[in-house]
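Q: To be precise about what I am sending: the file is called start37.cif and holds mmCIF, C-alpha atoms, pLDDT in the B column; chains and numbers go by the auth columns.
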```cif
data_my_file
#
loop_
_atom_site.group_PDB
_atom_site.id
_atom_site.type_symbol
_atom_site.label_atom_id
_atom_site.label_comp_id
_atom_site.label_asym_id
_atom_site.label_seq_id
_atom_site.Cartn_x
_atom_site.Cartn_y
_atom_site.Cartn_z
_atom_site.B_iso_or_equiv
_atom_site.auth_seq_id
_atom_site.auth_asym_id
ATOM 1 C CA MET A 1 121.357 95.356 125.510 91.00 150 A
ATOM 2 C CA GLU A 2 119.171 92.975 123.534 94.00 151 A
ATOM 3 C CA THR A 3 118.219 89.414 124.384 96.00 152 A
ATOM 4 C CA VAL A 4 118.660 86.659 121.803 96.00 153 A
ATOM 5 C CA TYR A 5 118.652 82.900 122.249 96.00 154 A
ATOM 6 C CA PHE A 6 121.133 80.167 121.463 95.00 155 A
ATOM 7 C CA LYS A 7 119.366 76.808 121.421 95.00 156 A
ATOM 8 C CA GLY A 8 116.686 78.297 123.673 94.00 157 A
ATOM 9 C CA ASN A 9 119.099 79.782 126.220 95.00 158 A
ATOM 10 C CA ALA A 10 119.100 83.561 126.700 96.00 159 A
ATOM 11 C CA CYS A 11 122.191 85.516 125.619 96.00 160 A
ATOM 12 C CA HIS A 12 122.710 89.258 125.516 97.00 161 A
ATOM 13 C CA THR A 13 124.284 91.729 123.132 96.00 162 A
ATOM 14 C CA TYR A 14 126.447 94.742 123.746 94.00 163 A
ATOM 15 C CA GLY A 15 123.991 97.552 123.067 92.00 164 A
ATOM 16 C CA MET A 16 121.256 97.586 120.466 95.00 165 A
ATOM 17 C CA LEU A 17 121.031 97.553 116.693 96.00 166 A
ATOM 18 C CA PRO A 18 121.037 101.030 115.125 97.00 167 A
ATOM 19 C CA ALA A 19 117.494 102.336 114.646 97.00 168 A
ATOM 20 C CA VAL A 20 115.851 102.593 111.256 97.00 169 A
ATOM 21 C CA GLY A 21 116.473 106.138 110.019 97.00 170 A
ATOM 22 C CA ALA A 22 119.687 106.561 112.025 97.00 171 A
ATOM 23 C CA THR A 23 123.017 107.204 110.369 97.00 172 A
ATOM 24 C CA ALA A 24 124.980 103.977 110.622 96.00 173 A
ATOM 25 C CA PRO A 25 128.205 103.969 112.611 96.00 174 A
ATOM 26 C CA GLU A 26 131.395 103.947 110.565 95.00 175 A
ATOM 27 C CA PHE A 27 133.190 100.630 110.337 96.00 176 A
ATOM 28 C CA ALA A 28 136.410 99.111 109.082 96.00 177 A
ATOM 29 C CA LEU A 29 136.195 95.400 108.343 97.00 178 A
ATOM 30 C CA VAL A 30 138.836 93.194 106.713 96.00 179 A
ATOM 31 C CA SER A 31 138.601 91.368 103.376 94.00 180 A
ATOM 32 C CA PRO A 32 140.283 87.984 102.688 93.00 181 A
ATOM 33 C CA GLU A 33 143.064 89.978 100.991 93.00 182 A
ATOM 34 C CA LEU A 34 143.574 91.889 104.289 94.00 183 A
ATOM 35 C CA LYS A 35 142.212 95.083 102.728 95.00 184 A
ATOM 36 C CA GLU A 36 140.137 97.346 104.954 96.00 185 A
ATOM 37 C CA LEU A 37 136.507 97.645 103.897 96.00 186 A
ATOM 38 C CA THR A 38 134.641 100.805 104.880 96.00 187 A
ATOM 39 C CA PRO A 39 131.312 102.272 103.768 96.00 188 A
ATOM 40 C CA ALA A 40 133.267 104.718 101.564 95.00 189 A
ATOM 41 C CA ASP A 41 134.378 101.749 99.427 96.00 190 A
ATOM 42 C CA PHE A 42 130.800 101.360 98.158 95.00 191 A
ATOM 43 C CA PRO A 43 129.674 104.811 96.961 94.00 192 A
ATOM 44 C CA GLY A 44 126.144 104.988 95.598 94.00 193 A
ATOM 45 C CA LYS A 45 125.296 101.465 96.764 93.00 194 A
ATOM 46 C CA LYS A 46 123.070 100.065 99.443 94.00 195 A
ATOM 47 C CA ILE A 47 125.050 97.927 101.880 95.00 196 A
ATOM 48 C CA VAL A 48 123.576 94.721 103.266 94.00 197 A
ATOM 49 C CA LEU A 49 125.345 93.616 106.428 96.00 198 A
ATOM 50 C CA ASN A 50 124.686 89.888 106.819 94.00 199 A
ATOM 51 C CA ILE A 51 126.045 89.401 110.347 95.00 200 A
ATOM 52 C CA PHE A 52 126.541 85.995 111.979 92.00 201 A
ATOM 53 C CA PRO A 53 128.670 84.077 114.526 93.00 202 A
ATOM 54 C CA SER A 54 130.874 81.860 112.301 89.00 203 A
ATOM 55 C CA LEU A 55 131.048 80.255 108.869 79.00 204 A
ATOM 56 C CA ASP A 56 131.870 77.007 110.675 78.00 205 A
ATOM 57 C CA THR A 57 128.171 76.505 111.393 78.00 206 A
ATOM 58 C CA ALA A 58 125.566 75.248 108.945 72.00 207 A
ATOM 59 C CA VAL A 59 123.098 78.132 109.406 69.00 208 A
ATOM 60 C CA CYS A 60 125.775 80.816 108.994 69.00 209 A
ATOM 61 C CA ALA A 61 127.121 79.122 105.876 74.00 210 A
ATOM 62 C CA MET A 62 123.572 78.873 104.508 75.00 211 A
ATOM 63 C CA SER A 63 122.989 82.598 105.015 77.00 212 A
ATOM 64 C CA VAL A 64 126.079 83.384 102.949 76.00 213 A
ATOM 65 C CA ARG A 65 124.945 80.989 100.194 78.00 214 A
ATOM 66 C CA ARG A 66 121.410 82.429 100.165 81.00 215 A
ATOM 67 C CA PHE A 67 122.543 86.052 100.032 80.00 216 A
ATOM 68 C CA ASN A 68 125.023 85.094 97.304 78.00 217 A
ATOM 69 C CA GLU A 69 122.171 83.638 95.218 79.00 218 A
ATOM 70 C CA LYS A 70 119.932 86.649 95.723 81.00 219 A
ATOM 71 C CA ALA A 71 122.621 89.356 95.586 73.00 220 A
ATOM 72 C CA ALA A 72 123.311 88.638 91.923 65.00 221 A
ATOM 73 C CA GLU A 73 119.741 89.720 91.148 73.00 222 A
ATOM 74 C CA LYS A 74 120.055 93.150 92.784 77.00 223 A
ATOM 75 C CA ASP A 75 121.730 96.112 91.115 82.00 224 A
ATOM 76 C CA GLY A 76 122.990 98.946 93.279 89.00 225 A
ATOM 77 C CA ALA A 77 123.624 96.814 96.357 90.00 226 A
ATOM 78 C CA VAL A 78 126.561 95.016 97.928 91.00 227 A
ATOM 79 C CA VAL A 79 126.357 92.279 100.558 91.00 228 A
ATOM 80 C CA LEU A 80 129.033 92.107 103.247 94.00 229 A
ATOM 81 C CA CYS A 81 129.009 88.819 105.156 91.00 230 A
ATOM 82 C CA VAL A 82 130.345 89.801 108.569 95.00 231 A
ATOM 83 C CA SER A 83 131.702 87.589 111.333 94.00 232 A
ATOM 84 C CA VAL A 84 134.815 87.502 113.490 94.00 233 A
ATOM 85 C CA ASP A 85 136.125 84.542 111.500 90.00 234 A
ATOM 86 C CA LEU A 86 139.630 85.128 110.233 92.00 235 A
ATOM 87 C CA PRO A 87 139.508 86.689 106.773 88.00 236 A
ATOM 88 C CA PHE A 88 141.550 83.804 105.319 87.00 237 A
ATOM 89 C CA ALA A 89 138.982 81.249 106.470 87.00 238 A
ATOM 90 C CA ALA A 90 136.102 83.285 105.062 83.00 239 A
ATOM 91 C CA GLY A 91 137.919 83.616 101.752 83.00 240 A
ATOM 92 C CA ARG A 92 138.596 79.862 101.597 81.00 241 A
ATOM 93 C CA PHE A 93 134.941 79.120 102.340 81.00 242 A
ATOM 94 C CA CYS A 94 133.722 81.417 99.554 75.00 243 A
ATOM 95 C CA SER A 95 136.274 80.020 97.076 79.00 244 A
ATOM 96 C CA ALA A 96 135.387 76.413 97.892 84.00 245 A
ATOM 97 C CA GLU A 97 131.656 77.170 97.570 81.00 246 A
ATOM 98 C CA GLY A 98 131.974 79.201 94.358 80.00 247 A
ATOM 99 C CA ILE A 99 130.565 82.254 96.132 78.00 248 A
ATOM 100 C CA LYS A 100 131.347 85.410 94.159 82.00 249 A
ATOM 101 C CA ASP A 101 128.435 87.809 94.660 81.00 250 A
ATOM 102 C CA VAL A 102 128.995 88.646 98.331 85.00 251 A
ATOM 103 C CA ILE A 103 132.047 89.973 100.130 89.00 252 A
ATOM 104 C CA PRO A 104 133.354 88.181 103.212 93.00 253 A
ATOM 105 C CA ALA A 105 134.236 90.793 105.828 94.00 254 A
ATOM 106 C CA SER A 106 135.915 90.017 109.118 95.00 255 A
ATOM 107 C CA ALA A 107 135.443 92.084 112.267 96.00 256 A
ATOM 108 C CA PHE A 108 138.385 90.348 113.966 94.00 257 A
ATOM 109 C CA ARG A 109 140.356 93.630 114.144 93.00 258 A
ATOM 110 C CA SER A 110 137.433 95.806 115.133 90.00 259 A
ATOM 111 C CA PRO A 111 135.532 94.850 118.281 91.00 260 A
ATOM 112 C CA GLU A 112 133.968 98.309 118.040 94.00 261 A
ATOM 113 C CA PHE A 113 131.903 97.034 115.085 96.00 262 A
ATOM 114 C CA GLY A 114 130.159 94.506 117.333 95.00 263 A
ATOM 115 C CA GLN A 115 129.709 97.108 120.035 95.00 264 A
ATOM 116 C CA GLU A 116 128.506 100.019 117.907 95.00 265 A
ATOM 117 C CA TYR A 117 126.154 97.848 115.855 97.00 266 A
ATOM 118 C CA GLY A 118 124.884 96.087 118.995 96.00 267 A
ATOM 119 C CA VAL A 119 125.706 92.597 117.724 97.00 268 A
ATOM 120 C CA MET A 120 128.553 91.413 119.975 97.00 269 A
ATOM 121 C CA LEU A 121 127.463 88.677 122.342 97.00 270 A
ATOM 122 C CA VAL A 122 128.515 89.457 125.924 97.00 271 A
ATOM 123 C CA ASP A 123 127.523 86.182 127.565 96.00 272 A
ATOM 124 C CA GLY A 124 126.517 82.617 126.810 94.00 273 A
ATOM 125 C CA PRO A 125 128.523 79.959 124.971 95.00 274 A
ATOM 126 C CA LEU A 126 129.113 82.265 121.960 95.00 275 A
ATOM 127 C CA LYS A 127 130.404 85.176 124.075 96.00 276 A
ATOM 128 C CA GLY A 128 132.731 87.354 121.993 95.00 277 A
ATOM 129 C CA LEU A 129 131.202 86.322 118.672 96.00 278 A
ATOM 130 C CA LEU A 130 128.597 88.288 116.745 97.00 279 A
ATOM 131 C CA THR A 131 124.930 87.376 116.907 96.00 280 A
ATOM 132 C CA ARG A 132 122.818 86.833 113.781 94.00 281 A
ATOM 133 C CA ALA A 133 121.412 90.028 112.299 96.00 282 A
ATOM 134 C CA VAL A 134 120.792 91.774 108.982 96.00 283 A
ATOM 135 C CA ILE A 135 121.194 95.529 108.678 97.00 284 A
ATOM 136 C CA ILE A 136 120.722 97.403 105.409 96.00 285 A
ATOM 137 C CA LEU A 137 122.137 100.862 104.818 97.00 286 A
ATOM 138 C CA ASP A 138 120.952 103.105 102.004 96.00 287 A
ATOM 139 C CA GLU A 139 123.270 105.030 99.679 95.00 288 A
ATOM 140 C CA ASN A 140 123.581 107.792 102.308 95.00 289 A
ATOM 141 C CA ARG A 141 124.445 105.323 105.098 96.00 290 A
ATOM 142 C CA LYS A 142 121.052 105.586 106.785 97.00 291 A
ATOM 143 C CA VAL A 143 119.675 102.377 108.280 98.00 292 A
ATOM 144 C CA ILE A 144 116.658 101.313 106.212 97.00 293 A
ATOM 145 C CA TYR A 145 116.232 97.775 107.566 96.00 294 A
ATOM 146 C CA ARG A 146 117.233 95.884 110.676 97.00 295 A
ATOM 147 C CA GLU A 147 116.551 92.386 111.870 96.00 296 A
ATOM 148 C CA LEU A 148 117.953 90.868 115.012 97.00 297 A
ATOM 149 C CA VAL A 149 117.296 87.138 114.663 96.00 298 A
ATOM 150 C CA GLU A 150 115.849 86.040 117.984 96.00 299 A
ATOM 151 C CA GLU A 151 117.095 82.421 117.877 95.00 300 A
ATOM 152 C CA ILE A 152 120.703 82.434 116.651 94.00 301 A
ATOM 153 C CA THR A 153 120.350 78.934 115.197 94.00 302 A
ATOM 154 C CA THR A 154 117.688 80.077 112.692 93.00 303 A
ATOM 155 C CA GLU A 155 118.090 81.919 109.405 90.00 304 A
ATOM 156 C CA PRO A 156 117.157 85.561 108.886 92.00 305 A
ATOM 157 C CA ASP A 157 114.073 86.667 106.943 91.00 306 A
ATOM 158 C CA TYR A 158 115.668 86.867 103.481 89.00 307 A
ATOM 159 C CA ALA A 159 112.465 87.960 101.743 89.00 308 A
ATOM 160 C CA ALA A 160 111.936 90.944 104.063 92.00 309 A
ATOM 161 C CA ALA A 161 115.553 92.057 103.707 90.00 310 A
ATOM 162 C CA LEU A 162 115.669 91.664 99.937 89.00 311 A
ATOM 163 C CA LYS A 163 112.415 93.571 99.591 89.00 312 A
ATOM 164 C CA MET A 164 114.311 96.647 100.860 87.00 313 A
ATOM 165 C CA LEU A 165 116.656 96.474 97.865 84.00 314 A
#
```
What would you get if you wrote out this structure as structure tokens?

A:
Amino acid sequence: METVYFKGNACHTYGMLPAVGATAPEFALVSPELKELTPADFPGKKIVLNIFPSLDTAVCAMSVRRFNEKAAEKDGAVVLCVSVDLPFAAGRFCSAEGIKDVIPASAFRSPEFGQEYGVMLVDGPLKGLLTRAVIILDENRKVIYRELVEEITTEPDYAAALKML
């Protein structure tokens, strides 16, 4: 269990982020087209998991925009923007914003994602949603970067994450 904060109030996660060097847990997320997305769909690529509570918040939306801007500059990497938002809503957001260089990925069908990656909030006002984190997997699905953002209402450290690509 990790402690994060929402507007200064302590909240806790289910478990902990995978350690750097560990093999990442498998996952099956859902695209806006209702297609399952798994690590096997991205052979030979690093996978950036931009994890957040909901696209209906300004900071979460900004993280998707920022990774979209920066993702276009990086060869050999894919960015999955992960929340429990419905895949249709995430797709509409990306279409309306002209976002094409990241992939919206919903964990609405897979609570095990939030549990195994240690990002599901188990208490506080956002209980049941995912906390804000960035996890990067290398081409062999080893964790090479992890950031659990301490205050959910703040953005992740984009520069540190992108440096790993």

Q: Can you list, as a PyMOL selection string, the residues that the PyMOL selection byres ((chain A and resi 156) around 12) selects here?

A: chain A and resi 153-155+157-160+273-275+299-303

Q: So what do you get for CA of Arg295 (chain A) versus CA of Arg281 (chain A), distance-wise?

A: 11.1 Å

Q: Once the PyMOL selection byres ((chain A and resi 260) around 10) is applied to the coordinates I shared, what remains selected? I want it as a ChimeraX atom specification.

A: /A:178,233,256-259,261-265,269,277-279

Q: If you apply the PyMOL selection byres ((chain A and resi 175) around 10) to this file, what residues do you get, as a list in words?

A: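 Selected by the PyMOL selection byres ((chain A and resi 175) around 10) in this file: Thr172, Ala173, Pro174, Phe176, Ala177, Thr187, Pro188, Ala189, Glu261, Phe262, Glu265, Tyr266 and Arg290 of chain A.
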
Q: Name the closest residue to Thr280 (chain A) among the candidates A:Val179, A:Leu314, A:Ala245, A:Met165; distances are taken between atoms, counting all atoms listed in the file.

A: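 Closest to Thr280 (chain A) of all the choices is A:Met165.
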
Q: Skip region 222-230 of chain A itself and residues of its chain fewer than 5 positions away, then list as a list in words all residues within 7 Å of it, counting only C-alpha atoms.

A: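 These residues fall inside the cut-off: Lys194, Lys195, Ile196, Val197, Leu198, Asn199, Ile200, Val213, Val251, Ile252, Pro253, Ala254 and Leu314 of chain A.
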
Q: How far is it from CA of His161 (chain A) to CA of Phe201 (chain A), in Å with one decimal?

A: 14.4 Å

Q: Might you pull out every residue within 6 Å of region 234-241 of chain A, with only C-alpha atoms counted and same-chain residues fewer than 6 positions away left off, and present them as JSON, numbers by chain?

A: {"A": [180, 181, 203, 253, 255]}

Q: Quote the spacing between CA of Phe242 (chain A) and CA of Asn217 (chain A) in Å to one decimal place.

A: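 Taking CA of Phe242 (chain A) as the start and CA of Asn217 (chain A) as the end point, the length is 12.6 Å.
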
Q: Would you mind telling me which residue in A:Glu288, A:Glu151, A:Glu304, A:Glu296 lies nearest to Gly193 (chain A) when using only C-alpha atoms?

A: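 Looking at the shortest contact to Gly193 (chain A), the residue is A:Glu288.
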
Q: So, counting only C-alpha atoms, which residue among A:Leu311, A:Leu186, A:Leu297, A:Cys243 is closest to Lys219 (chain A)?

A: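 Of all the options, A:Leu311 lies closest to Lys219 (chain A).
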
Q: Please determine, counting all atoms listed in the file, which residue among A:Val268, A:Lys276, A:Lys291, A:Pro167 has the shortest atom-to-atom distance to Val231 (chain A).

A: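 Nearest candidate to Val231 (chain A) out of A:Val268, A:Lys276, A:Lys291, A:Pro167: A:Val268.
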
Q: For a quick check of understanding, using all atoms listed in the file, which of A:Thr152, A:Pro192, A:Asp306, A:Tyr163 has the smallest distance to Asp287 (chain A)?

A: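 Of all the options, A:Pro192 lies closest to Asp287 (chain A).
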
Q: Since fewer atoms than expected are present, regenerate N, CA and C atoms for region 159-173 of chain A and write them as a PDB file, keeping the file's coordinate frame.

A:
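Result written to out_22.pdb:
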```pdb
ATOM      1  N   ALA A 159     118.950  82.114 126.870  1.00 96.00           N
ATOM      2  CA  ALA A 159     119.100  83.561 126.700  1.00 96.00           C
ATOM      3  C   ALA A 159     120.570  83.972 126.680  1.00 96.00           C
ATOM      4  N   CYS A 160     120.881  84.873 125.744  1.00 96.00           N
ATOM      5  CA  CYS A 160     122.191  85.516 125.619  1.00 96.00           C
ATOM      6  C   CYS A 160     121.914  87.001 125.410  1.00 96.00           C
ATOM      7  N   HIS A 161     122.913  87.818 125.629  1.00 97.00           N
ATOM      8  CA  HIS A 161     122.710  89.258 125.516  1.00 97.00           C
ATOM      9  C   HIS A 161     123.764  89.898 124.622  1.00 97.00           C
ATOM     10  N   THR A 162     123.377  91.005 124.014  1.00 96.00           N
ATOM     11  CA  THR A 162     124.284  91.729 123.132  1.00 96.00           C
ATOM     12  C   THR A 162     124.788  92.992 123.808  1.00 96.00           C
ATOM     13  N   TYR A 163     125.879  93.480 123.294  1.00 94.00           N
ATOM     14  CA  TYR A 163     126.447  94.742 123.746  1.00 94.00           C
ATOM     15  C   TYR A 163     125.676  95.841 123.024  1.00 94.00           C
ATOM     16  N   GLY A 164     124.764  96.482 123.688  1.00 92.00           N
ATOM     17  CA  GLY A 164     123.991  97.552 123.067  1.00 92.00           C
ATOM     18  C   GLY A 164     122.846  97.037 122.218  1.00 92.00           C
ATOM     19  N   MET A 165     122.414  97.898 121.304  1.00 95.00           N
ATOM     20  CA  MET A 165     121.256  97.586 120.466  1.00 95.00           C
ATOM     21  C   MET A 165     121.592  97.893 119.009  1.00 95.00           C
ATOM     22  N   LEU A 166     120.856  97.250 118.114  1.00 96.00           N
ATOM     23  CA  LEU A 166     121.031  97.553 116.693  1.00 96.00           C
ATOM     24  C   LEU A 166     120.726  99.026 116.449  1.00 96.00           C
ATOM     25  N   PRO A 167     121.390  99.647 115.471  1.00 97.00           N
ATOM     26  CA  PRO A 167     121.037 101.030 115.125  1.00 97.00           C
ATOM     27  C   PRO A 167     119.578 101.089 114.664  1.00 97.00           C
ATOM     28  N   ALA A 168     118.910 102.170 114.993  1.00 97.00           N
ATOM     29  CA  ALA A 168     117.494 102.336 114.646  1.00 97.00           C
ATOM     30  C   ALA A 168     117.325 102.635 113.166  1.00 97.00           C
ATOM     31  N   VAL A 169     116.193 102.218 112.624  1.00 97.00           N
ATOM     32  CA  VAL A 169     115.851 102.593 111.256  1.00 97.00           C
ATOM     33  C   VAL A 169     115.784 104.118 111.191  1.00 97.00           C
ATOM     34  N   GLY A 170     116.419 104.692 110.185  1.00 97.00           N
ATOM     35  CA  GLY A 170     116.473 106.138 110.019  1.00 97.00           C
ATOM     36  C   GLY A 170     117.737 106.767 110.577  1.00 97.00           C
ATOM     37  N   ALA A 171     118.445 106.040 111.444  1.00 97.00           N
ATOM     38  CA  ALA A 171     119.687 106.561 112.025  1.00 97.00           C
ATOM     39  C   ALA A 171     120.825 106.453 111.015  1.00 97.00           C
ATOM     40  N   THR A 172     121.794 107.336 111.153  1.00 97.00           N
ATOM     41  CA  THR A 172     123.017 107.204 110.369  1.00 97.00           C
ATOM     42  C   THR A 172     123.821 106.064 110.982  1.00 97.00           C
ATOM     43  N   ALA A 173     124.245 105.142 110.140  1.00 96.00           N
ATOM     44  CA  ALA A 173     124.980 103.977 110.622  1.00 96.00           C
ATOM     45  C   ALA A 173     126.360 104.374 111.118  1.00 96.00           C
TER      46      ALA A 173
END
```
